Structure formats: C-alpha cells, structure tokens
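Take a look at the structure set out below.
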Amino acid sequence: MYLTKEQEAMLRGEYGWSTAKAMEIIVRVGESMGADRLVEIVHAHVSGVSFSNIGVYGSRFIRDFYEKGGRARVYTTVNPGCVDYGGLQSIIDNSLLEQQSIIDDALVRMGFKPVFTCIPYWYRPPAPGEHLAWGESSAVIFANTFYGGFTNREGGPIALAAAITGYTYHAGLHVLGNRRARVAVTLAPDAYAYPAGTLGLWIGENLRETPFIPSAARLGMGELKVLLASMAASGSHAMAVIPGLTPRGTYIEELEERVTVEGRDLERYVGEEPPPGGRVLGYMGCPHLSLGELVETARLLKRHRYPRRGRLLLTIPAEYVSRYSWLINELKARGVDIAAGTCPVVSRLRERYDVVITNSGKAAFYLRKIHGLRVRVAGVREVVESVYG
Amino acid sequence: MDQYLSFLGEVDPVRGVVKTESGEVSIRGRVLVFKGGRGSTVGSYVIYAMRQQGSSPLCMVVKEAEPILIAGCVIAEIPLLVVEDYEGFRDALKTKRRVRYMRGSGVIYAW
C-alpha cells in the first residue's frame, strides 16, 4: 500500500503511541481489504461507546488511546451511550452512569463532539462525494444513500483510529466503482400498506447486493431513516440507491436483476398483536428522531391527554433537551418518556412490558435479540394510538 | 476449531475459553486455528480484553480475515496469520501435537 511521508511517520511512532497504533489498525485492515492507499476524511463518527455493549475492556481501550496522547485530527462525533443525558425519563436504567462517564470523559478530552446520537448528519450533513469514516451502521447507510457521502461500515475501533489519524483505507465504498446498484426492488400493490421498517428487514435478510429502490423516493425523511437502518441491522448493507434522492455521480446503475416484494413477504416481520389488557411500550427514535419527527409526534398527541395502555418512549439527540425544551415539556405533559443521548438498543430497560410497538425494524431486530422482548413493527400513527388510543 | 467465531458471545474473555455446542475449549496461551471472525464489532474489544487479562491465544491462524478480527488483533498485539490452503493445514494438524510460529517469519511449523 502506498503511504505518504506523513503517514509513514505516523506509523513509525513520530506522532506518539496512539497515532501509531491507530495508523497500524487502518493500514492492516486496509491491506486485507485490498486498499491501494489511504484517503483523507472530513468527519469521523465513533460507535461502540456504550458501556452496556463494550464493557470494561472497550472502556479501557478508549481510555488507553486518550491517556497515551490520542486526539481528534478531524471533526468527530460520538454515538449514544447507555445512560439518559436529559434526566427526563424513567424507563432506561441509569445505574451504569459511573462506568459510562469514564468513557465519555475520555471521548470529550480527545476532542470528540459529545453529541451522543446515531444521527450525526443532524450536526453536519455530508456533501456528495465527501470521504467519511463512520461506525454506526444506520448512519453509514444514510450517509451513502441520502447524502452521497463515501463511507464504509467501519465499526468502533476503526472509526476511532480514523478520528485520530484523519485517514481511512481507500477501499470498499470509498471507490466509486464499488458503488453499483445491481438489484431493482419493486413493491407489489399490497406491500405498500406495510411499515417501512418491515421492508428494510426483508431486504437485509434476502438481498446481498446494493439495492435500487424507486418506491422509497415517496417516503418522508423519518420513514427513510427507518427503512435504511432496518436494512443495515438485519443484513450487512451499507448503501442503497434511490433514484431522485441519491445524488447523481455518487453511484453507478447497473441493474442485472429485479425482485418484487409482496405483502405476504413482509407479514412475518410485523410481529405480534399486543395481548388484550397487556402493558405496551411504544417506542420511536431508532435512529434518533429528527426535529421534524418530534414535531409530528407532538401534533399526533394533541388529541390525547395521557397514556392508557403503557408508556411511549422517544429517543433524541442530547442537545434537543436544552434547545427545544418547550417542545419537550409539551410532550412530557402528556406522559411521554423522553430519553436523550441513548436508546434501548445500547442500554438496559428498567421496567417490563408485555409487548413493544415500534416504527423501527432495527429496534425490533435488536430488542428481540438482546432483550428477548416481544415486538411489533407498525407505522408512527399506530404506535401512538396503541398507547394513547 | 473448524468454524467462524463471534468473539462477542461465543468467547468467554475472563476464562479464555470458546463456548461451542459440544462444550468449552480453552484457547488461553495456545495457537487458535479457525475459519475467521463473524458478528458484532464489539469483537475487537473482546480480543483486546483477553490480551489484557492474559487469557488470549498466543497467535491466530484463519482461513479469511475480516476488519473486526484484524482490528482486534492489531490493538491486542496478537499475530494473525491467513493460510492459503486452510483445509490442507487443518487436516495436517490432526496428527500434530505442537505448533510453532516465529514472530514475523510467516512460517508455521507443526510436529
């Protein structure tokens, strides 16, 4: 692999232990991925920062990088942790605060922006063609598909290494020639009635190649986020092409195959009906809610006073709490539980529910697997109605 | 170990054992031969953790290497080797008791 003089010096240790180690990670992974050189990035997004997921070891690794001199060389944001930074809710267990704060402290001192959100594009939307090193899979697929940014699914340690060196390996989706849409996905008329999250789960499990999805152009930003995040969770997708949305020049259209998805294909991803009289946890915010989605939820709740069948949990970026406090208060007044800078996928729940109803296929995928919960995937309106109606 | 391995979930980093369907296999201080990594990105941190506690394998030999495994071995400073003829190597190992790898040499001896 070709390295510049500066990159070689980094690798030799002239910039300190952390930079050398970070460079070594990138070069070694790059070599095995067939990279010819490194590429300069403009934004790193570090995932794998929740104590609940990475434990003492991950925590020690991150602290090691900080203590041995690692500092951000590029704009860097961080993924949600396992505690609520807003202090407004009662569903997520905050007992790991001490352990999480040790990680957070190191991240902040390395110069990372403590946004604690999986929608880093809310802070800095990538421009088409920009090279990024993002770890969070739902953010990666959104960056490639919607913004036309260039990033692989880096995972925690590699995104951290890219933040410290300012480079990542030039392979995979950093190369235009690898950004080819090969399979066209069309929906049968009866499939339109199913929530976007179920289509995402189906694509993730059934397709390997980058899909071309014309029907997704009609989706709003919220549903689009859910569709893409669900694909990235149940499969290893890092990109889709949506004609009319994905910026031209950031992909190659080379369709070889066409699949049609029918309603019955999506049926099995919907999950279970809530039992009569059971306690329901409605959940939205995986990925974190955009401001538009939060406003929309508040609008849907205008007709209701208090939850009847359980609780509604929303997860948002930490910064919304101070910036949109009036909106948050309005939602709180209607009994909504709001967790900031975290989500149930990377944390632990304090209360038991008979069923979780969510608009997110990704949340459904992980809540079933990690927490062993019964989950139903539904549209936004149905999620609200099932708790308040 | 003729399978793909997710270090998160399938390995106990505290005791240095792999949990398989037929029981537990200790990998502490040994040469771990397996097909390659799979699963969560947290796997890199588990490999690092094992090294920190002294429960890690001395060296890993795989059929194919993927980013999570490579990143884990780099941060933990554990040699990772990819064998060209994995099946041949695996079969040859069945009659051997010891494996030696000289760091940086790229050659594995078995006898």
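Convention: chains lettered A, B, ... in structure tokens order; per-chain residue numbering from 1; ligands numbered from 1 as shown.
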* Write down, as a list in words, each residue of chain A that has any atom within 9 Å of an atom of chain B, counting only C-alpha atoms. =>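 Those within range of chain B come out as Lys21, Ala22, Glu24, Ile25, Ile26, Arg28, Val29, Gly30, Ser32, Met33, Gly48, Asn53, Ile54, Gly55, Val56, Tyr57, Gly58, Ser59, Arg60, Phe61, Glu154, Gly155, Gly156, Pro157 and Ile158 of chain A.
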* region 338-342 of chain A surroundings by only C-alpha atoms, 10 Å radius, close-in-sequence under 3 positions cut, as number ranges by chain -> A: 50, 78-92, 114-118, 283-286, 288, 312-321, 328-329, 331-332, 335, 345-347
* To do: Can you check which residues of region 144-383 of chain A DSSP gives as helix (DSSP H, G or I) on the backbone and send them as an NGL selection string?
  => :A and (144-147 or 156-165 or 172-174 or 176-178 or 189-193 or 196-206 or 214-218 or 221-234 or 263-270 or 291-301 or 320-323 or 325-333 or 361-371 or 380-383)
* Skipping near chain neighbours, those fewer than 4 positions away, what residues fall within 7 Å of Leu255 (chain A) using only C-alpha atoms, listed as a VMD selection string? -> chain A and resid 181 to 184
* Interatomic distance, CA of Met1 (chain B) to CA of Ser236 (chain A) (Å, one decimal) ->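 Atom-to-atom, CA of Met1 (chain B) and CA of Ser236 (chain A) are spaced 25.0 Å apart.
Comparing A:Ala363, A:Leu291, A:Val27, A:Val49 by their smallest distance to Ser234 (chain A), the closest is A:Ala363 (using only C-alpha atoms).
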* Please provide as a list in words all residues within 7 Å of region 43-45 of chain A, with the sequence filter that same-chain residues fewer than 3 positions apart are discarded (counting only C-alpha atoms). =>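 The residues satisfying every condition are Val74, Tyr75, Thr76, Thr77, Val78, Leu132, Ala133, Trp134, Gly135, Ala159, Ala162 and Ala163 of chain A.
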List as a CSV table (one decimal) with all heavy atoms, in the first residue's frame the protein and nucleic acid residues near Lys19 (chain B), meaning an atom at most 6 Å away when only C-alpha atoms are counted, but skip any in the same chain fewer than 2 places from it.
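Result went into result-v4.csv, see below:
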```csv
chain,number,residue,atom,x,y,z
B,10,GLU,N,-19.5,-15.8,21.9
B,10,GLU,CA,-19.1,-17.2,21.7
B,10,GLU,C,-17.7,-17.5,22.5
B,10,GLU,O,-17.3,-18.6,22.6
B,10,GLU,CB,-18.9,-17.6,20.3
B,10,GLU,CG,-20.3,-17.7,19.6
B,10,GLU,CD,-20.2,-18.0,18.1
B,10,GLU,OE1,-19.3,-17.5,17.4
B,10,GLU,OE2,-20.9,-18.9,17.6
B,11,VAL,N,-17.2,-16.4,23.0
B,11,VAL,CA,-15.9,-16.5,23.7
B,11,VAL,C,-16.1,-15.9,25.1
B,11,VAL,O,-16.7,-14.8,25.3
B,11,VAL,CB,-14.8,-15.8,23.0
B,11,VAL,CG1,-13.5,-15.8,23.8
B,11,VAL,CG2,-14.5,-16.4,21.6
B,24,GLU,N,-16.7,-26.6,26.2
B,24,GLU,CA,-15.8,-25.5,26.2
B,24,GLU,C,-14.4,-25.9,25.8
B,24,GLU,O,-14.0,-27.0,26.1
B,24,GLU,CB,-15.8,-24.8,27.6
B,24,GLU,CG,-17.1,-24.2,27.9
B,24,GLU,CD,-17.1,-23.5,29.3
B,24,GLU,OE1,-16.2,-23.8,30.1
B,24,GLU,OE2,-18.0,-22.6,29.5
```
* Asked: DSSP on the backbone: what in region 10-186 of chain A comes out strand (DSSP E or B), as JSON, numbers by chain?
  -> {"A": [37, 38, 39, 40, 43, 44, 45, 46, 75, 76, 77, 78, 92, 113, 131, 132, 133, 134, 150, 153, 167, 168, 169, 180, 181, 182, 183, 184, 185, 186]}
For the selection you just gave me, I'd like the residues written to a file as a compact mmCIF listing (two decimals), in the first residue's frame, keeping N, CA and C atoms.
```txt
# COMPACT_ATOMS: atom_id res chain seq x y z
N ARG A 37 -4.18 2.74 -1.16
CA ARG A 37 -3.65 3.89 -0.42
C ARG A 37 -4.64 4.27 0.67
N LEU A 38 -4.34 5.35 1.40
CA LEU A 38 -5.29 5.86 2.40
C LEU A 38 -6.01 7.06 1.80
N VAL A 39 -7.11 7.44 2.42
CA VAL A 39 -7.85 8.60 1.93
C VAL A 39 -8.15 9.52 3.12
N GLU A 40 -8.04 10.83 2.88
CA GLU A 40 -8.29 11.80 3.92
C GLU A 40 -9.79 11.91 4.18
N HIS A 43 -14.93 13.75 8.35
CA HIS A 43 -15.79 13.56 9.51
C HIS A 43 -15.72 12.10 9.96
N ALA A 44 -15.34 11.89 11.22
CA ALA A 44 -15.38 10.54 11.78
C ALA A 44 -16.55 10.48 12.76
N HIS A 45 -17.25 9.35 12.78
CA HIS A 45 -18.32 9.16 13.76
C HIS A 45 -18.02 7.86 14.49
N VAL A 46 -17.74 7.98 15.79
CA VAL A 46 -17.26 6.83 16.56
C VAL A 46 -18.42 6.10 17.24
N TYR A 75 -13.05 16.56 12.40
CA TYR A 75 -14.33 16.71 13.07
C TYR A 75 -14.86 15.32 13.44
N THR A 76 -15.13 15.08 14.72
CA THR A 76 -15.54 13.75 15.16
C THR A 76 -16.74 13.83 16.09
N THR A 77 -17.73 13.01 15.82
CA THR A 77 -18.92 12.94 16.68
C THR A 77 -18.99 11.53 17.30
N VAL A 78 -19.80 11.38 18.36
CA VAL A 78 -19.89 10.07 19.00
C VAL A 78 -21.34 9.57 19.09
N ILE A 92 -35.35 3.92 31.05
CA ILE A 92 -33.99 3.43 30.84
C ILE A 92 -33.22 3.45 32.15
N LYS A 113 -16.82 15.60 19.61
CA LYS A 113 -18.01 16.35 19.95
C LYS A 113 -19.03 15.41 20.59
N HIS A 131 -15.40 12.07 1.76
CA HIS A 131 -14.99 10.82 2.41
C HIS A 131 -15.17 10.93 3.93
N LEU A 132 -15.80 9.90 4.51
CA LEU A 132 -16.12 9.88 5.93
C LEU A 132 -15.65 8.55 6.51
N ALA A 133 -15.51 8.48 7.82
CA ALA A 133 -15.26 7.18 8.48
C ALA A 133 -16.26 7.07 9.61
N TRP A 134 -17.39 6.46 9.32
CA TRP A 134 -18.46 6.37 10.30
C TRP A 134 -18.61 4.94 10.80
N PHE A 150 -19.16 9.24 1.10
CA PHE A 150 -18.49 7.96 0.86
C PHE A 150 -17.97 7.40 2.18
N ARG A 153 -18.82 0.70 6.48
CA ARG A 153 -19.26 0.40 7.86
C ARG A 153 -17.99 0.13 8.63
N TYR A 167 -7.32 9.72 8.58
CA TYR A 167 -7.36 8.93 7.35
C TYR A 167 -8.12 7.63 7.55
N THR A 168 -8.60 7.07 6.44
CA THR A 168 -9.05 5.69 6.47
C THR A 168 -8.56 5.02 5.19
N TYR A 169 -8.76 3.70 5.08
CA TYR A 169 -8.24 2.99 3.90
C TYR A 169 -9.14 3.21 2.68
N ARG A 180 -22.18 0.22 -6.93
CA ARG A 180 -23.06 -0.19 -8.03
C ARG A 180 -24.37 -0.76 -7.51
N ALA A 181 -25.46 -0.25 -8.06
CA ALA A 181 -26.78 -0.83 -7.75
C ALA A 181 -27.04 -1.94 -8.75
N ARG A 182 -27.30 -3.15 -8.26
CA ARG A 182 -27.47 -4.29 -9.17
C ARG A 182 -28.88 -4.89 -9.16
N VAL A 183 -29.57 -4.75 -8.02
CA VAL A 183 -30.87 -5.40 -7.90
C VAL A 183 -31.98 -4.35 -7.74
N ALA A 184 -32.93 -4.34 -8.66
CA ALA A 184 -34.06 -3.41 -8.53
C ALA A 184 -35.13 -4.06 -7.65
N VAL A 185 -35.59 -3.32 -6.64
CA VAL A 185 -36.63 -3.82 -5.75
C VAL A 185 -37.92 -3.07 -6.06
N THR A 186 -38.96 -3.79 -6.47
CA THR A 186 -40.25 -3.14 -6.68
C THR A 186 -41.27 -3.73 -5.71
```
* Polymer residues at most 8 Å from Val387 (chain A), only C-alpha atoms, same-chain spacing of 3 or more positions, as a list of chain:residue names -> A:Val280, A:Leu281, A:Gly282, A:Pro307, A:Arg308, A:Arg309, A:Gly310, A:Arg311, A:Leu312, A:Val383, A:Val384
* To do: Mind checking which residues fall within 9 Å of Ala106 (chain A), counting only C-alpha atoms, ignoring those fewer than 4 positions away in the same chain, and posting them as a list in words?
  =>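 Contacts, with the query itself left out: Ile62, Arg63, Asp64, Phe65, Tyr66, Glu67, Ser101, Ile102, Met110 and Gly111 of chain A.
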File dump, residues just selected, N, CA and C atoms, as a CSV table (one decimal), in the first residue's frame:
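To be explicit, this is the file written out as selection-v2.csv:
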```
chain,number,residue,atom,x,y,z
A,62,ILE,N,-10.4,2.6,25.0
A,62,ILE,CA,-10.7,4.0,24.7
A,62,ILE,C,-9.9,4.9,25.6
A,63,ARG,N,-9.8,4.6,26.9
A,63,ARG,CA,-9.1,5.4,27.9
A,63,ARG,C,-7.6,5.3,27.5
A,64,ASP,N,-7.1,4.2,27.1
A,64,ASP,CA,-5.7,4.0,26.7
A,64,ASP,C,-5.3,4.9,25.6
A,65,PHE,N,-6.2,5.0,24.6
A,65,PHE,CA,-5.9,5.9,23.5
A,65,PHE,C,-5.9,7.3,23.9
A,66,TYR,N,-6.7,7.7,24.8
A,66,TYR,CA,-6.7,9.1,25.3
A,66,TYR,C,-5.5,9.4,26.2
A,67,GLU,N,-5.2,8.5,27.1
A,67,GLU,CA,-4.1,8.7,28.0
A,67,GLU,C,-2.7,8.7,27.3
A,101,SER,N,-19.5,7.3,32.4
A,101,SER,CA,-18.9,8.6,32.4
A,101,SER,C,-17.4,8.5,32.2
A,102,ILE,N,-16.8,7.4,32.6
A,102,ILE,CA,-15.4,7.2,32.4
A,102,ILE,C,-15.1,7.2,30.9
A,110,MET,N,-10.5,13.8,24.2
A,110,MET,CA,-9.8,13.6,22.9
A,110,MET,C,-10.2,14.6,21.8
A,111,GLY,N,-11.2,15.4,22.2
A,111,GLY,CA,-11.7,16.4,21.3
A,111,GLY,C,-12.9,16.0,20.4
```
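CA of Gly149 (chain A) sits 27.3 Å away from CA of Arg109 (chain A).
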